[in-house]
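Remarks on the structure that follows.
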Amino acid sequence: MRSVHARTFSRLILGASTLALATVPFAAQAQETPTSSTMGQPGDSAIQNDGQAETDTTVTTQPVQAAGATQAADAAQDIVVTGIRASLRESMNIKREAQGIVDAISAEDIGKFPDTNLAESLQRITGVSIDRNNGEGSKVTVRGFGPEFNLVLLNGRQMPTSDIGSGFGAPASRSFDFANLASEGVKALEVYKSGRATVETGGIGSTINILTPRPFDKPGLRGSVAVKGILDTSRNGKDPITPEVSGIISDTFADERIGILLVGNYSRRKASTNSANIGEWRDGYLGSENGWGSLPTEGDPRYANITNRPGPNDVYQVPQSASYNLNDIDRERINGQAVLQFRPIDSLTATIDYTYSRFELETHNSNVGIYYNHADTSSAWGDGPIADPIFYSEHFQPQENKDLSYSGALTKVKNENKSLGGNLQWDAPGGVTITLDAHHSTAESKPGSKYGNSQSVGTAIFGVEDQSINFQNEFPIISASFYPGIDPLDASLIHATGNVFRNSYFKDRINQVQLAGHYDHQGDFLDSLDWGVSYVDNKVRSAYGYIQNDTWGGLGGPDGNELIPDDIFSLETISDKFPGLKGVGADGMINQFYTFDFDRLVPLLDQQFGICGGDGDCLAPYNTDRRIREKTIAPFVQVATKFDIANRSAHLIAGLRYEETTVDSSALVPTPVGTQWVSANEFNIQFAGAGQFTRFKGSYQNWLPAVDFDIEPMRDVKLRASYSHTITRADYGSLQGGRTLDQLFRIANGTGGQGNPGLLPYKSKNIDLSAEWYYGPSSYVSVGYFHKDVSNFIGSDRFDTTAFGLTNPGQGPRADAARAALGPTATSTDIRNYIAANFTEGVFTNDQGQLIIQGLPEDDPLNFQITQPVNSDQTAALHGWEFAVQHSFWDTGFGVILNYTIVNGDAVYDNTQPASVTQFALTGLSDSANAVAFYDKGPIQARVAYNWRDKFLQGSGPNPTYIEAYGQVDASASYEFMPGLTVFGEAINLTGASRRGHTRSDAYVTFISPGFARYSAGVRYAF
């Protein structure tokens, strides 16, 4: 019989069955002798045989044997172990039998994973928390390490990833989005928290292996089909019911020599995610600073407008923009799998599999917002050292013609994943197994509309007299008042303003070949030997282009609004879209604004004003095009031993993996040719046509040891200790070469960035300790400690430089003359008007009637702050504790799962330091907890789950951003009213928990979004 370690290795490489099957013959069970912990207790499973009393038996994790063993069991009594308890028992057995620190979730039955979303399932595992996108679980954080630090495998194979999202720049992420995959085609998730030599590298936080079913998992005909309707109560205006249909069928024939399995899933969801946003907080200033954007100091006439100005050593930030956003979402997902297996002889198994997924997301955004010029401001502040804002307002003169924006955006993307794989397993003589596995997989993300993947079109009402934000409640109150005679709800006064059309593309292709050998020694000391080599060829392309019109002062001059029909606009209310949030509906809050028909307005603006060139083609050509070729070869060897210590069984597994990676990066970037001052506080760079490709190379090598020890000091108790080295490679954006400059810049400076293909991967030295007590067939308690020393952190090296001879039209002889003539209280609009009246060179009005001031050679050189990723000397230590309890209450059918994770690190952000102080901090660290109560007996299954994650640092840099603590309640129930036929219902975020983020303190809100429940109900038939 193979060792436990051999079986674990085989599961990883082959995706062999680890699933608790619905019907397990005694003959299969006889292959293992169950310990007392697996013998069970009454009521944990049922023998369905002429009404006999309930008993219990172990759930085997052995793969079902060939036809002979199956036929020998035909006359034997069948043990039926299904439902939640079968899933929990199988997950527990994987954890118990594995080497190192492993957690797992198994399907309750074929085509029936515990949750409708894989990320939602993963968050039940100790130490795993998730990021949500549009109300659905999307990406995972493990032990404080975010999505970029967790490698996802499909049946032991490294998967490509792609995501372009809202498309602000070329895509760059390696993180895997679990929303692309339906759960019905998954039989188990394995989370490897400690490193091992036989597993693909790339995850400091964890390696997550998605296992899909195979027809030889269980011979014979089996399958299921499910239909359900989804009701999302978040949808603005109405609550449509959308469908989800899934099916799986598997069969073996030709004397169990051939097997075929097919899986299909279609799902559609309509929802809304509304939010109040502070779009940008200016840098954390010291009270002693005096510059653009900071608060006036004593001696400035505006100083009198400040209540409790922050002291010289206090830190504060001022808002740049704020908005209320209504987002309507339409998501469609299609998944499919096909698996063919062939066993010509008992010792040789061939598998060919194809996995397909398509995920389309369309989001319509409508928003109302304000933007600050930081001229005539008033404000009030709390006490330091972090001075909280109470309110921040600004007054405008009539000639400034300040606007309240009514903007809209359309994001439409399509992600498509394809994976074709082949596997040969030969059980050679002498206890040797040889496995050859190869796959060709692609992940591609591209725009879903004729305009690109992300577009934003602005309209506005001009004539704002005062605007403000009140921060005294959890919900920011945005207010605006207008000069007499201007009604912000008069659609005839709405002007079209600036717009941008973004076009992004991302494709990741992975070719991988793995050759692995396994030898079962079955001796007194040497248990097994594993060896092999993996070769991964990863090819990435990310491209980006945009069309942008910075006509924020209004398209077509004063009469431009006359060209837009009033019926293109619709009046929308705000307060009713944010139920339950403190402060909503307060006096002065903007509570109505105009949305518009995006598909009508864009062609009209192009026809009237040529925003896309007048030909109706708003799909921007790529002016940034980046390519990476990353090749890794990795031989490995692992030795497993077994021995006794004081008559107690122990195992020591030691392995070493060597990896050599080469990186070849080339990039096409646009060439800047000039600068323009286009409105009061808007500057932009003009670019020429196609640029040139530049090419850079890099390489690195790593020796990655892994040692695992476990001992059973007493029956059903297991102690573990592991030491390993793991790595995470830099994100694609950091590796890509070429310098790019951001089109928009401030009067003080411009910004830009460039990549670094020579970056070394993050490296972590890990210690894991664990104690586990398996006191029942589905019950255990465990406590674990982990410590990680991480080096090669990737930070940003920011340097100041001029670039391409660009000059600043807001700084130089013309602007200096204007300031000298107008005095210190002159606004940006005053300075622009003075230059237009007194200078001719570089001053003109464009076709839209907009005043343009061109940068001239004699203007001051434009300074750019260029950021480049570098490996820093910083190191960080992270450590924590994991506690877990899984318990079934005798024969009642009731049970609970409880876990809690504590994570701490030595690199913490100090919010009291200004942005000028460079800080290094670990992001994503937070405690988390899960509590699940379930009932599973007879035809009834029910489960209620609570998942909680404490506040965590989302991003660092000049200013920190935090996501506040969040807890969510989910519930599900099902009833099998006849064999195989089940009705079920599910509720996600049952209590409607809301989400909120902030920067240096709670008062510096970055976003707040209300939560809504999502319900589904349906019927499932299994055979």
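A note on labels: chains of the structure tokens are A, B, ... as shown, every chain counts residues from 1, and ligands are counted from 1 in their shown order.
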
DSSP on the backbone, strand (DSSP E or B) only: what residues of stretch 205-393 of chain A does that give? Format it as a PyMOL selection string. chain A and resi 206-211+222-232+241-253+258-272+275-281+285-286+306-307+315-316+319-345+348-371+376-381+386+389-393

For stretch 981-993 of chain A, please output as an mmCIF file with C-alpha atoms, in the first residue's frame all residues within 8 Å (counting only C-alpha atoms; exclusion window: fewer than 3 positions along the same chain).
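Dumped to around33.cif:
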```cif
data_model
loop_
_atom_site.group_PDB
_atom_site.id
_atom_site.type_symbol
_atom_site.label_atom_id
_atom_site.label_comp_id
_atom_site.auth_asym_id
_atom_site.auth_seq_id
_atom_site.Cartn_x
_atom_site.Cartn_y
_atom_site.Cartn_z
ATOM 1 C CA TYR A 966 -16.084 43.698 7.947
ATOM 2 C CA GLY A 967 -18.347 40.804 8.910
ATOM 3 C CA GLN A 968 -20.845 38.968 6.742
ATOM 4 C CA VAL A 969 -23.563 36.393 7.453
ATOM 5 C CA ASP A 970 -24.465 33.765 4.849
ATOM 6 C CA ALA A 971 -27.003 30.957 5.083
ATOM 7 C CA SER A 972 -28.130 27.977 3.032
ATOM 8 C CA ALA A 973 -30.629 25.133 3.381
ATOM 9 C CA SER A 974 -31.808 22.186 1.321
ATOM 10 C CA TYR A 975 -34.413 19.449 1.486
ATOM 11 C CA GLU A 976 -34.261 16.147 -0.399
ATOM 12 C CA PHE A 977 -37.906 15.261 -0.806
ATOM 13 C CA MET A 978 -37.163 12.158 -2.878
ATOM 14 C CA PRO A 1010 -23.953 49.865 1.620
ATOM 15 C CA GLY A 1011 -24.451 46.112 1.612
ATOM 16 C CA PHE A 1012 -27.465 44.188 0.384
ATOM 17 C CA ALA A 1013 -28.605 40.596 0.629
ATOM 18 C CA ARG A 1014 -28.517 38.264 -2.358
ATOM 19 C CA TYR A 1015 -30.890 35.292 -2.482
ATOM 20 C CA SER A 1016 -31.090 32.237 -4.682
ATOM 21 C CA ALA A 1017 -33.348 29.199 -4.791
ATOM 22 C CA GLY A 1018 -33.517 26.206 -7.039
ATOM 23 C CA VAL A 1019 -33.787 22.494 -7.568
ATOM 24 C CA ARG A 1020 -31.099 19.881 -8.114
ATOM 25 C CA TYR A 1021 -31.324 16.312 -9.384
ATOM 26 C CA ALA A 1022 -28.445 13.886 -8.875
#
```

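Among the candidate residues A:Ile208, A:Ala730, A:Leu744, A:Ala817, the one lying nearest to A:Phe793 is A:Ala730, with distances computed using only C-alpha atoms.
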
Nearest residue to A:Gly237 out of A:Ser206, A:Ser665, A:Asn327, A:Thr363, using only C-alpha atoms? A:Asn327

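Using only C-alpha atoms, the shortest contact distance between A:Thr694 and any of A:Asp708, A:Asp566, A:Asp860, A:Asp664 is found at A:Asp664.
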
With a distance cut-off of 8 Å and only C-alpha atoms, select the neighbouring residues of A:Asn453, excluding the residue or stretch itself and same-chain residues fewer than 2 positions from it, and output the selection as a ChimeraX atom specification. /A:164-167,410-413,446-449,451,455,502-504

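Separating atom CA of A:Ala276 from atom CA of A:Pro310 is a distance of 25.9 Å.
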
For stretch 637-715 of chain A versus stretch 96-99 of chain A, which residues have an atom no more than 8 Å away, and what is each residue's nearest atom pair and distance in Å rounded to one decimal, using only C-alpha atoms, chain-then-number order, as CSV?
```
residue,atom,partner,partner_atom,distance
A:Ile653,CA,A:Gln99,CA,7.8
A:Asp708,CA,A:Gln99,CA,6.6
A:Phe709,CA,A:Gln99,CA,8.0
A:Asp710,CA,A:Gln99,CA,7.8
```

Tell me, in Å to one decimal, how far atom CA of A:Lys582 is from atom CA of A:Ser479. 16.3 Å

Long-range neighbours of A:Asn236 as a PyMOL selection string, 9 Å cut-off, only C-alpha atoms, 4 positions minimum in chain: chain A and resi 271-274+326-328+577

Hey, can you spit out that residue selection with C-alpha atoms as a CSV table (one decimal), in the first residue's frame?
```csv
chain,number,residue,atom,x,y,z
A,271,ALA,CA,-26.7,44.0,-9.1
A,272,SER,CA,-25.6,47.5,-8.1
A,273,THR,CA,-22.8,48.7,-5.9
A,274,ASN,CA,-23.3,52.3,-4.8
A,326,LEU,CA,-24.3,54.6,-8.6
A,327,ASN,CA,-23.0,51.5,-10.4
A,328,ASP,CA,-25.3,49.0,-12.2
A,577,LYS,CA,-29.5,54.3,-2.7
```

Need the shell around A:Trp381: protein/DNA/RNA residues with any atom at most 7 Å away, counting only C-alpha atoms. Skip same-chain ones fewer than 4 positions apart. Format as a PyMOL selection string? chain A and resi 307-310+387-390

Please list as a short mmCIF file (atom, residue, chain, number, x, y, z; two decimals) with C-alpha atoms, in the first residue's frame every residue within 6 Å of A:Asn367, counting only C-alpha atoms and excluding residues in the same chain fewer than 6 positions away.
```
data_model
loop_
_atom_site.label_atom_id
_atom_site.label_comp_id
_atom_site.auth_asym_id
_atom_site.auth_seq_id
_atom_site.Cartn_x
_atom_site.Cartn_y
_atom_site.Cartn_z
CA TYR A 324 -21.70 59.88 -5.05
CA ASN A 325 -21.55 56.91 -7.42
CA TYR A 406 -22.75 64.95 -13.62
CA SER A 407 -20.58 62.20 -15.08
#
```

To one decimal in Å, tell me the separation between atom CA of A:Phe216 and atom CA of A:Ser246. 21.2 Å

Please give the complete set of residues from stretch 494-629 of chain A that DSSP, run on the backbone, assigns to helix (DSSP H, G or I), formatted as JSON, numbers by chain. {"A": [557, 558, 559, 560, 561, 562, 563, 566, 567, 568, 575, 576, 577, 598, 599, 600, 601, 602, 603, 604, 605, 606, 607, 608, 609]}
